[in-house]
>>> print(open('data.cif').read())   # mmCIF, C-alpha atoms and all ligand atoms; chains and numbers go by the auth columns
data_upload
loop_
_atom_site.group_PDB
_atom_site.id
_atom_site.type_symbol
_atom_site.label_atom_id
_atom_site.label_comp_id
_atom_site.label_asym_id
_atom_site.label_seq_id
_atom_site.Cartn_x
_atom_site.Cartn_y
_atom_site.Cartn_z
_atom_site.B_iso_or_equiv
_atom_site.auth_seq_id
_atom_site.auth_asym_id
ATOM 1 C CA MET A 1 -28.752 26.590 38.180 0.00 1485 A
ATOM 2 C CA TYR A 2 -31.446 24.716 40.081 0.00 1486 A
ATOM 3 C CA ASP A 3 -33.471 22.197 38.138 0.00 1487 A
ATOM 4 C CA PHE A 4 -36.744 21.200 39.745 0.00 1488 A
ATOM 5 C CA LYS A 5 -39.002 18.709 38.016 0.00 1489 A
ATOM 6 C CA ILE A 6 -42.426 19.272 39.479 0.00 1490 A
ATOM 7 C CA ALA A 7 -45.013 17.414 37.439 0.00 1491 A
ATOM 8 C CA ALA A 8 -47.579 15.919 39.806 0.00 1492 A
ATOM 9 C CA ASN A 9 -50.914 14.748 38.438 0.00 1493 A
ATOM 10 C CA ASP A 10 -53.065 16.151 41.224 0.00 1494 A
ATOM 11 C CA LYS A 11 -52.942 19.640 42.642 0.00 1495 A
ATOM 12 C CA GLN A 12 -52.375 18.549 46.233 0.00 1496 A
ATOM 13 C CA SER A 13 -49.176 16.708 45.280 0.00 1497 A
ATOM 14 C CA LEU A 14 -48.171 19.533 42.959 0.00 1498 A
ATOM 15 C CA TYR A 15 -48.370 22.110 45.737 0.00 1499 A
ATOM 16 C CA ARG A 16 -46.726 19.771 48.257 0.00 1500 A
ATOM 17 C CA ASP A 17 -43.761 19.340 45.878 0.00 1501 A
ATOM 18 C CA LEU A 18 -43.728 23.052 45.107 0.00 1502 A
ATOM 19 C CA ALA A 19 -43.664 23.983 48.807 0.00 1503 A
ATOM 20 C CA SER A 20 -40.848 21.568 49.484 0.00 1504 A
ATOM 21 C CA ALA A 21 -38.821 22.858 46.504 0.00 1505 A
ATOM 22 C CA LEU A 22 -39.373 26.409 47.742 0.00 1506 A
ATOM 23 C CA GLU A 23 -38.236 25.505 51.265 0.00 1507 A
ATOM 24 C CA GLY A 24 -35.030 24.155 49.697 0.00 1508 A
ATOM 25 C CA LEU A 25 -34.508 27.253 47.545 0.00 1509 A
ATOM 26 C CA VAL A 26 -34.853 29.773 50.362 0.00 1510 A
ATOM 27 C CA ALA A 27 -33.104 27.771 53.096 0.00 1511 A
ATOM 28 C CA GLY A 28 -30.389 29.841 54.723 0.00 1512 A
ATOM 29 C CA GLU A 29 -30.860 32.853 52.438 0.00 1513 A
ATOM 30 C CA PRO A 30 -31.823 36.044 54.272 0.00 1514 A
ATOM 31 C CA ASP A 31 -32.205 38.329 51.220 0.00 1515 A
ATOM 32 C CA GLY A 32 -35.917 38.873 50.618 0.00 1516 A
ATOM 33 C CA ILE A 33 -35.591 40.106 47.029 0.00 1517 A
ATOM 34 C CA ALA A 34 -33.535 37.059 46.045 0.00 1518 A
ATOM 35 C CA ASN A 35 -36.082 34.778 47.678 0.00 1519 A
ATOM 36 C CA MET A 36 -39.022 36.485 45.938 0.00 1520 A
ATOM 37 C CA ALA A 37 -37.182 36.268 42.601 0.00 1521 A
ATOM 38 C CA ASN A 38 -36.558 32.535 42.954 0.00 1522 A
ATOM 39 C CA ALA A 39 -40.106 31.948 44.226 0.00 1523 A
ATOM 40 C CA ALA A 40 -41.591 33.732 41.192 0.00 1524 A
ATOM 41 C CA ALA A 41 -39.407 31.694 38.827 0.00 1525 A
ATOM 42 C CA LEU A 42 -40.236 28.411 40.584 0.00 1526 A
ATOM 43 C CA ILE A 43 -43.997 29.056 40.497 0.00 1527 A
ATOM 44 C CA TRP A 44 -43.794 30.152 36.847 0.00 1528 A
ATOM 45 C CA GLU A 45 -41.984 26.937 35.923 0.00 1529 A
ATOM 46 C CA SER A 46 -44.263 24.688 37.990 0.00 1530 A
ATOM 47 C CA LEU A 47 -47.835 25.884 37.460 0.00 1531 A
ATOM 48 C CA PRO A 48 -49.541 25.659 34.065 0.00 1532 A
ATOM 49 C CA ASP A 49 -51.688 28.355 32.456 0.00 1533 A
ATOM 50 C CA LEU A 50 -50.160 31.458 33.994 0.00 1534 A
ATOM 51 C CA ASN A 51 -49.351 34.660 32.136 0.00 1535 A
ATOM 52 C CA TRP A 52 -47.929 36.490 35.155 0.00 1536 A
ATOM 53 C CA VAL A 53 -46.720 35.656 38.651 0.00 1537 A
ATOM 54 C CA GLY A 54 -44.915 37.876 41.093 0.00 1538 A
ATOM 55 C CA PHE A 55 -44.910 40.170 44.068 0.00 1539 A
ATOM 56 C CA TYR A 56 -46.018 43.624 45.067 0.00 1540 A
ATOM 57 C CA ARG A 57 -44.240 44.820 48.220 0.00 1541 A
ATOM 58 C CA ASN A 58 -45.645 47.082 50.881 0.00 1542 A
ATOM 59 C CA VAL A 59 -43.391 50.135 50.659 0.00 1543 A
ATOM 60 C CA GLU A 60 -44.589 52.719 53.151 0.00 1544 A
ATOM 61 C CA GLY A 61 -48.245 51.885 52.647 0.00 1545 A
ATOM 62 C CA GLU A 62 -48.182 51.548 48.864 0.00 1546 A
ATOM 63 C CA LEU A 63 -47.779 48.396 46.784 0.00 1547 A
ATOM 64 C CA VAL A 64 -44.635 48.535 44.654 0.00 1548 A
ATOM 65 C CA LEU A 65 -43.741 45.980 41.983 0.00 1549 A
ATOM 66 C CA GLY A 66 -41.295 43.295 43.106 0.00 1550 A
ATOM 67 C CA PRO A 67 -39.711 40.271 41.414 0.00 1551 A
ATOM 68 C CA PHE A 68 -41.963 38.621 38.832 0.00 1552 A
ATOM 69 C CA GLN A 69 -42.207 36.541 35.660 0.00 1553 A
ATOM 70 C CA GLY A 70 -44.289 37.646 32.703 0.00 1554 A
ATOM 71 C CA ARG A 71 -44.815 40.924 30.898 0.00 1555 A
ATOM 72 C CA PRO A 72 -43.742 44.255 32.407 0.00 1556 A
ATOM 73 C CA ALA A 73 -46.448 45.342 34.853 0.00 1557 A
ATOM 74 C CA CYS A 74 -47.923 48.340 36.669 0.00 1558 A
ATOM 75 C CA ILE A 75 -45.326 49.603 39.147 0.00 1559 A
ATOM 76 C CA ARG A 76 -47.360 51.172 41.952 0.00 1560 A
ATOM 77 C CA ILE A 77 -50.806 50.162 43.231 0.00 1561 A
ATOM 78 C CA PRO A 78 -52.486 52.039 46.112 0.00 1562 A
ATOM 79 C CA PHE A 79 -53.976 49.974 48.941 0.00 1563 A
ATOM 80 C CA GLY A 80 -57.653 49.399 48.212 0.00 1564 A
ATOM 81 C CA LYS A 81 -57.237 49.599 44.407 0.00 1565 A
ATOM 82 C CA GLY A 82 -57.561 46.664 42.048 0.00 1566 A
ATOM 83 C CA VAL A 83 -57.347 43.036 43.082 0.00 1567 A
ATOM 84 C CA CYS A 84 -53.887 43.427 44.656 0.00 1568 A
ATOM 85 C CA GLY A 85 -54.771 46.573 46.577 0.00 1569 A
ATOM 86 C CA THR A 86 -57.969 44.942 47.837 0.00 1570 A
ATOM 87 C CA ALA A 87 -55.993 41.917 49.090 0.00 1571 A
ATOM 88 C CA ALA A 88 -53.464 44.236 50.756 0.00 1572 A
ATOM 89 C CA GLN A 89 -56.081 46.370 52.477 0.00 1573 A
ATOM 90 C CA SER A 90 -58.390 43.545 53.573 0.00 1574 A
ATOM 91 C CA ARG A 91 -55.607 40.995 54.153 0.00 1575 A
ATOM 92 C CA GLN A 92 -57.965 38.491 52.591 0.00 1576 A
ATOM 93 C CA VAL A 93 -57.109 36.224 49.674 0.00 1577 A
ATOM 94 C CA GLN A 94 -58.754 37.420 46.468 0.00 1578 A
ATOM 95 C CA ARG A 95 -59.654 34.593 44.071 0.00 1579 A
ATOM 96 C CA ILE A 96 -61.277 36.148 41.028 0.00 1580 A
ATOM 97 C CA ASP A 97 -62.778 33.889 38.361 0.00 1581 A
ATOM 98 C CA ASP A 98 -63.410 36.719 35.899 0.00 1582 A
ATOM 99 C CA VAL A 99 -61.351 39.870 36.317 0.00 1583 A
ATOM 100 C CA ASP A 100 -63.696 41.817 34.026 0.00 1584 A
ATOM 101 C CA ALA A 101 -66.399 41.380 36.664 0.00 1585 A
ATOM 102 C CA PHE A 102 -64.156 42.754 39.453 0.00 1586 A
ATOM 103 C CA PRO A 103 -64.852 46.464 39.968 0.00 1587 A
ATOM 104 C CA GLY A 104 -61.588 48.407 39.643 0.00 1588 A
ATOM 105 C CA HIS A 105 -59.489 45.540 38.320 0.00 1589 A
ATOM 106 C CA ILE A 106 -56.196 46.941 37.008 0.00 1590 A
ATOM 107 C CA ALA A 107 -55.490 45.466 33.585 0.00 1591 A
ATOM 108 C CA CYS A 108 -51.693 45.335 33.439 0.00 1592 A
ATOM 109 C CA ASP A 109 -51.822 42.561 30.859 0.00 1593 A
ATOM 110 C CA SER A 110 -54.940 42.401 28.703 0.00 1594 A
ATOM 111 C CA GLN A 111 -54.469 38.615 28.446 0.00 1595 A
ATOM 112 C CA SER A 112 -55.370 38.111 32.132 0.00 1596 A
ATOM 113 C CA ARG A 113 -58.806 36.558 32.670 0.00 1597 A
ATOM 114 C CA SER A 114 -58.589 35.221 36.241 0.00 1598 A
ATOM 115 C CA GLU A 115 -56.423 36.150 39.199 0.00 1599 A
ATOM 116 C CA LEU A 116 -55.357 34.913 42.646 0.00 1600 A
ATOM 117 C CA VAL A 117 -53.793 37.315 45.148 0.00 1601 A
ATOM 118 C CA VAL A 118 -52.491 36.127 48.535 0.00 1602 A
ATOM 119 C CA PRO A 119 -51.430 38.556 51.280 0.00 1603 A
ATOM 120 C CA ILE A 120 -48.101 37.803 52.960 0.00 1604 A
ATOM 121 C CA VAL A 121 -48.193 38.840 56.618 0.00 1605 A
ATOM 122 C CA ARG A 122 -45.467 38.625 59.264 0.00 1606 A
ATOM 123 C CA ASP A 123 -45.878 39.644 62.901 0.00 1607 A
ATOM 124 C CA GLY A 124 -49.142 41.398 62.067 0.00 1608 A
ATOM 125 C CA GLU A 125 -47.573 43.440 59.261 0.00 1609 A
ATOM 126 C CA LEU A 126 -48.438 43.110 55.572 0.00 1610 A
ATOM 127 C CA ILE A 127 -45.084 42.549 53.843 0.00 1611 A
ATOM 128 C CA ALA A 128 -46.220 41.894 50.257 0.00 1612 A
ATOM 129 C CA VAL A 129 -48.828 40.187 48.122 0.00 1613 A
ATOM 130 C CA LEU A 130 -48.257 37.213 45.838 0.00 1614 A
ATOM 131 C CA ASP A 131 -50.158 37.733 42.570 0.00 1615 A
ATOM 132 C CA LEU A 132 -50.914 35.034 39.979 0.00 1616 A
ATOM 133 C CA ASP A 133 -52.678 35.798 36.686 0.00 1617 A
ATOM 134 C CA SER A 134 -54.038 33.393 34.108 0.00 1618 A
ATOM 135 C CA PRO A 135 -55.319 33.827 30.559 0.00 1619 A
ATOM 136 C CA GLY A 136 -58.048 31.279 31.426 0.00 1620 A
ATOM 137 C CA THR A 137 -61.308 32.150 33.137 0.00 1621 A
ATOM 138 C CA ALA A 138 -61.724 30.512 36.592 0.00 1622 A
ATOM 139 C CA ARG A 139 -58.196 29.055 36.429 0.00 1623 A
ATOM 140 C CA PHE A 140 -57.728 29.102 40.218 0.00 1624 A
ATOM 141 C CA THR A 141 -59.615 26.643 42.425 0.00 1625 A
ATOM 142 C CA ALA A 142 -59.837 26.325 46.203 0.00 1626 A
ATOM 143 C CA GLU A 143 -56.901 23.884 45.957 0.00 1627 A
ATOM 144 C CA ASP A 144 -54.786 26.522 44.215 0.00 1628 A
ATOM 145 C CA GLU A 145 -55.759 28.978 46.914 0.00 1629 A
ATOM 146 C CA ALA A 146 -54.746 26.574 49.711 0.00 1630 A
ATOM 147 C CA GLY A 147 -51.476 25.759 47.911 0.00 1631 A
ATOM 148 C CA CYS A 148 -50.594 29.420 47.408 0.00 1632 A
ATOM 149 C CA VAL A 149 -51.485 30.265 51.017 0.00 1633 A
ATOM 150 C CA ALA A 150 -48.966 27.596 52.075 0.00 1634 A
ATOM 151 C CA ILE A 151 -46.373 29.165 49.761 0.00 1635 A
ATOM 152 C CA ALA A 152 -47.111 32.605 51.252 0.00 1636 A
ATOM 153 C CA GLU A 153 -46.586 31.183 54.762 0.00 1637 A
ATOM 154 C CA ILE A 154 -43.137 29.912 53.794 0.00 1638 A
ATOM 155 C CA LEU A 155 -42.284 33.250 52.190 0.00 1639 A
ATOM 156 C CA ALA A 156 -43.495 35.289 55.159 0.00 1640 A
ATOM 157 C CA ARG A 157 -40.452 34.034 57.082 0.00 1641 A
ATOM 158 C CA VAL A 158 -37.874 34.814 54.381 0.00 1642 A
ATOM 159 C CA ILE A 159 -38.785 38.021 52.560 0.00 1643 A
HETATM 160 N N1 LIG B . -54.503 42.947 38.011 0.00 1 B
HETATM 161 C C1 LIG B . -53.880 43.452 39.197 0.00 1 B
HETATM 162 C C2 LIG B . -52.705 44.330 38.895 0.00 1 B
HETATM 163 C C3 LIG B . -51.416 43.627 38.873 0.00 1 B
HETATM 164 S S1 LIG B . -51.168 42.718 37.497 0.00 1 B
HETATM 165 O O1 LIG B . -52.187 41.710 37.328 0.00 1 B
HETATM 166 C C4 LIG B . -49.665 42.121 37.395 0.00 1 B
HETATM 167 C C5 LIG B . -54.887 44.184 40.062 0.00 1 B
HETATM 168 O O2 LIG B . -56.020 44.444 39.659 0.00 1 B
HETATM 169 O O3 LIG B . -54.512 44.510 41.189 0.00 1 B
#
>>> encode(input="data.cif", output="C-alpha cells")
Amino acid sequence: MYDFKIAANDKQSLYRDLASALEGLVAGEPDGIANMANAAALIWESLPDLNWVGFYRNVEGELVLGPFQGRPACIRIPFGKGVCGTAAQSRQVQRIDDVDAFPGHIACDSQSRSELVVPIVRDGELIAVLDLDSPGTARFTAEDEAGCVAIAEILARVI
C-alpha cells in the first residue's frame, strides 16, 4: 500500500504535493482505469470536505461512471446534462458554488452542495471529466480549480 502524508497549510502547497504524489503513483503505469482509481483515492485522502470524487469517461459520446470514492452514483450522463455533461460538452471547467442554483444539476448524492468538474482532454479529444463534490456551499475556490486543472493535465497523459 502507498502511504502519502499530504497535509500542507496552504492550498498552493497542498496541490503541489498532491500533483507530485500523483506523478509518482502513475509513473510507468499504462492502465487508465488503474490510474483513475488511484487518483480518486489520493484526492479523497488529501482534500478535506469532499463527499464524492471520481471520473466520468467519454464512452462513445456519453459520460459513463469511472473509478470514484464516495456513495454509489449515477452511471450514465448525456453530454450537455448536469454539471458533468456541461463540462464535457463545453470543455470548460465548471465551478459551482451552489448546485441547487445550477439548472439541470443531477443530484446523485443529496449531500452535495458545491461541485467542481474539470474536463480531461488529450490530442483534442475529451477523454473524461474529473468531478469533485462537497457538502459545503462554495467549497471550491480558484486555487482548487487551478490545482485540479494541474491534476487533470497529469491524468490526460495516463488514462
Ligand atoms: N452532480 C453531477 C452528477 C455526478 S455526481 O455529482 C457524482 C452533475 O450534475 O453532473
>>> closest_residue(input="data.cif", among="A:Cys1592, A:Ala1557, A:Val1601, A:Val1543", to="A:Ala1636", atoms="all atoms listed in the file")
A:Val1601
>>> resolve_selection(input="data.cif", expression="the PyMOL selection byres (((chain A and resi 1568) around 8) and not hetatm)", output="ChimeraX atom specification")
/A:1540,1561,1563-1567,1569-1572,1578,1601,1613,1615
>>> write_last_selection(input="data.cif", atoms="C-alpha atoms", output="PDB file, keeping the file's coordinate frame")
ATOM      1  CA  TYR A1540     -46.018  43.624  45.067  1.00  0.00           C
ATOM      2  CA  ILE A1561     -50.806  50.162  43.231  1.00  0.00           C
ATOM      3  CA  PHE A1563     -53.976  49.974  48.941  1.00  0.00           C
ATOM      4  CA  GLY A1564     -57.653  49.399  48.212  1.00  0.00           C
ATOM      5  CA  LYS A1565     -57.237  49.599  44.407  1.00  0.00           C
ATOM      6  CA  GLY A1566     -57.561  46.664  42.048  1.00  0.00           C
ATOM      7  CA  VAL A1567     -57.347  43.036  43.082  1.00  0.00           C
ATOM      8  CA  GLY A1569     -54.771  46.573  46.577  1.00  0.00           C
ATOM      9  CA  THR A1570     -57.969  44.942  47.837  1.00  0.00           C
ATOM     10  CA  ALA A1571     -55.993  41.917  49.090  1.00  0.00           C
ATOM     11  CA  ALA A1572     -53.464  44.236  50.756  1.00  0.00           C
ATOM     12  CA  GLN A1578     -58.754  37.420  46.468  1.00  0.00           C
ATOM     13  CA  VAL A1601     -53.793  37.315  45.148  1.00  0.00           C
ATOM     14  CA  VAL A1613     -48.828  40.187  48.122  1.00  0.00           C
ATOM     15  CA  ASP A1615     -50.158  37.733  42.570  1.00  0.00           C
TER      16      ASP A1615
END
>>> residues_around(input="data.cif", residues="stretch 1602-1607 of chain A", least_positions_apart="6", cutoff="10 Å", atoms="only C-alpha atoms", output="number ranges by chain")
A: 1539-1542, 1568-1579, 1613-1616, 1629-1630, 1632-1643
>>> resolve_selection(input="data.cif", expression="the PyMOL selection byres (((chain A and resi 1551) around 8) and not hetatm)", output="list in words")
Ile1517, Met1520, Ala1521, Ala1524, Gly1538, Phe1539, Leu1549, Gly1550, Phe1552 and Gln1553 of chain A
>>> resolve_selection(input="data.cif", expression="the PyMOL selection byres (((chain A and resi 1624) around 10) and not hetatm)", output="compact mmCIF listing (two decimals) with C-alpha atoms, in the coordinates of the input")
# COMPACT_ATOMS: atom_id res chain seq x y z
CA ASP A 1533 -51.69 28.36 32.46
CA ARG A 1579 -59.65 34.59 44.07
CA ILE A 1580 -61.28 36.15 41.03
CA ASP A 1581 -62.78 33.89 38.36
CA SER A 1598 -58.59 35.22 36.24
CA GLU A 1599 -56.42 36.15 39.20
CA LEU A 1600 -55.36 34.91 42.65
CA LEU A 1616 -50.91 35.03 39.98
CA ASP A 1617 -52.68 35.80 36.69
CA SER A 1618 -54.04 33.39 34.11
CA GLY A 1620 -58.05 31.28 31.43
CA THR A 1621 -61.31 32.15 33.14
CA ALA A 1622 -61.72 30.51 36.59
CA ARG A 1623 -58.20 29.06 36.43
CA THR A 1625 -59.62 26.64 42.42
CA ALA A 1626 -59.84 26.32 46.20
CA GLU A 1627 -56.90 23.88 45.96
CA ASP A 1628 -54.79 26.52 44.22
CA GLU A 1629 -55.76 28.98 46.91
>>> closest_residue(input="data.cif", among="A:Ser1497, A:Ser1530, A:Ser1596, A:Asn1519", to="ligand LIG 1 (chain B)", atoms="all atoms listed in the file")
A:Ser1596
>>> atom_distance(input="data.cif", atom1="atom CA of A:Asp1494", atom2="atom CA of A:Asp1582")
23.6 Å
>>> closest_residue(input="data.cif", among="A:Gly1631, A:Gly1516, A:Gly1608, A:Pro1556", to="ligand LIG 1 (chain B)", atoms="only C-alpha atoms and all ligand atoms")
A:Pro1556
>>> atom_distance(input="data.cif", atom1="atom CA of A:Phe1586", atom2="atom CA of A:Trp1528")
24.1 Å
>>> closest_residue(input="data.cif", among="A:Ile1590, A:Leu1509, A:Ile1490, A:Leu1547", to="ligand LIG 1 (chain B)", atoms="all atoms listed in the file")
A:Ile1590
>>> closest_residue(input="data.cif", among="A:Pro1562, A:Gly1588, A:Pro1532, A:Gly1545", to="A:Ile1611", atoms="all atoms listed in the file")
A:Gly1545
>>> atom_distance(input="data.cif", atom1="atom CA of A:Ile1527", atom2="atom CA of A:Gln1496")
14.6 Å
>>> closest_residue(input="data.cif", among="A:Arg1555, A:Glu1546, A:Asp1515, A:Leu1502", to="A:Leu1531", atoms="only C-alpha atoms")
A:Leu1502
>>> axis_aligned_box(input="data.cif", around="stretch 1513-1529 of chain A", padding_each_side="5 Å", output="lines of an AutoDock Vina configuration file")
center_x = -37.4
center_y = 33.5
center_z = 45.1
size_x = 23.1
size_y = 23.2
size_z = 28.3
>>> residues_around(input="data.cif", residues="A:Ala1505", least_positions_apart="2", cutoff="12 Å", atoms="all atoms listed in the file", output="VMD selection string")
chain A and resid 1486 to 1490 1498 to 1503 1507 to 1511 1522 to 1523 1525 to 1527 1529 to 1530 1635 1638
>>> build_atoms(input="data.cif", residues="stretch 1539-1550 of chain A", atoms="all heavy atoms", output="compact mmCIF listing (two decimals), in the frame of the given file")
# COMPACT_ATOMS: atom_id res chain seq x y z
N PHE A 1539 -44.67 39.56 42.76
CA PHE A 1539 -44.91 40.17 44.07
C PHE A 1539 -45.10 41.68 43.94
O PHE A 1539 -44.48 42.32 43.10
CB PHE A 1539 -43.70 39.92 44.99
CG PHE A 1539 -43.51 38.45 45.25
CD1 PHE A 1539 -42.74 37.67 44.39
CD2 PHE A 1539 -44.12 37.83 46.33
CE1 PHE A 1539 -42.58 36.30 44.61
CE2 PHE A 1539 -43.97 36.47 46.56
CZ PHE A 1539 -43.20 35.71 45.70
N TYR A 1540 -45.99 42.19 44.78
CA TYR A 1540 -46.02 43.62 45.07
C TYR A 1540 -45.69 43.76 46.54
O TYR A 1540 -46.27 43.09 47.39
CB TYR A 1540 -47.41 44.20 44.76
CG TYR A 1540 -47.61 44.44 43.28
CD1 TYR A 1540 -48.14 43.44 42.47
CD2 TYR A 1540 -47.24 45.65 42.70
CE1 TYR A 1540 -48.31 43.66 41.10
CE2 TYR A 1540 -47.41 45.86 41.34
CZ TYR A 1540 -47.93 44.87 40.54
OH TYR A 1540 -48.09 45.08 39.19
N ARG A 1541 -44.70 44.64 46.84
CA ARG A 1541 -44.24 44.82 48.22
C ARG A 1541 -44.90 46.03 48.86
O ARG A 1541 -45.18 47.02 48.17
CB ARG A 1541 -42.72 45.02 48.22
CG ARG A 1541 -41.96 43.82 47.66
CD ARG A 1541 -40.52 44.21 47.31
NE ARG A 1541 -40.50 45.24 46.29
CZ ARG A 1541 -39.83 46.40 46.39
NH1 ARG A 1541 -39.12 46.67 47.46
NH2 ARG A 1541 -39.87 47.28 45.40
N ASN A 1542 -45.11 45.94 50.14
CA ASN A 1542 -45.64 47.08 50.88
C ASN A 1542 -44.49 48.03 51.19
O ASN A 1542 -43.66 47.77 52.05
CB ASN A 1542 -46.30 46.59 52.18
CG ASN A 1542 -46.83 47.74 53.02
OD1 ASN A 1542 -46.81 48.89 52.61
ND2 ASN A 1542 -47.30 47.41 54.21
N VAL A 1543 -44.43 49.13 50.43
CA VAL A 1543 -43.39 50.14 50.66
C VAL A 1543 -44.08 51.38 51.20
O VAL A 1543 -44.76 52.10 50.44
CB VAL A 1543 -42.60 50.44 49.36
CG1 VAL A 1543 -41.52 51.48 49.63
CG2 VAL A 1543 -41.99 49.17 48.78
N GLU A 1544 -43.99 51.57 52.47
CA GLU A 1544 -44.59 52.72 53.15
C GLU A 1544 -46.06 52.91 52.79
O GLU A 1544 -46.50 54.01 52.44
CB GLU A 1544 -43.77 53.98 52.86
CG GLU A 1544 -42.37 53.89 53.46
CD GLU A 1544 -41.43 54.98 52.98
OE1 GLU A 1544 -41.89 55.91 52.29
OE2 GLU A 1544 -40.25 54.89 53.30
N GLY A 1545 -46.80 51.81 52.83
CA GLY A 1545 -48.24 51.88 52.65
C GLY A 1545 -48.71 51.94 51.21
O GLY A 1545 -49.88 52.23 50.94
N GLU A 1546 -47.81 51.63 50.28
CA GLU A 1546 -48.18 51.55 48.86
C GLU A 1546 -47.60 50.25 48.32
O GLU A 1546 -46.51 49.85 48.72
CB GLU A 1546 -47.59 52.74 48.11
CG GLU A 1546 -48.00 52.84 46.67
CD GLU A 1546 -47.43 54.08 45.98
OE1 GLU A 1546 -46.31 54.52 46.34
OE2 GLU A 1546 -48.09 54.61 45.08
N LEU A 1547 -48.33 49.61 47.39
CA LEU A 1547 -47.78 48.40 46.78
C LEU A 1547 -46.84 48.79 45.65
O LEU A 1547 -47.22 49.56 44.76
CB LEU A 1547 -48.91 47.51 46.25
CG LEU A 1547 -49.80 46.86 47.30
CD1 LEU A 1547 -50.93 46.08 46.64
CD2 LEU A 1547 -49.00 45.96 48.25
N VAL A 1548 -45.64 48.25 45.69
CA VAL A 1548 -44.64 48.54 44.65
C VAL A 1548 -44.19 47.20 44.05
O VAL A 1548 -43.93 46.23 44.78
CB VAL A 1548 -43.43 49.31 45.23
CG1 VAL A 1548 -42.40 49.60 44.14
CG2 VAL A 1548 -43.88 50.61 45.89
N LEU A 1549 -44.10 47.20 42.72
CA LEU A 1549 -43.74 45.98 41.98
C LEU A 1549 -42.45 45.35 42.51
O LEU A 1549 -41.46 46.05 42.75
CB LEU A 1549 -43.58 46.35 40.50
CG LEU A 1549 -43.28 45.22 39.52
CD1 LEU A 1549 -44.44 44.24 39.46
CD2 LEU A 1549 -43.01 45.80 38.13
N GLY A 1550 -42.48 44.05 42.69
CA GLY A 1550 -41.30 43.30 43.11
C GLY A 1550 -40.93 42.29 42.03
O GLY A 1550 -41.39 42.39 40.89
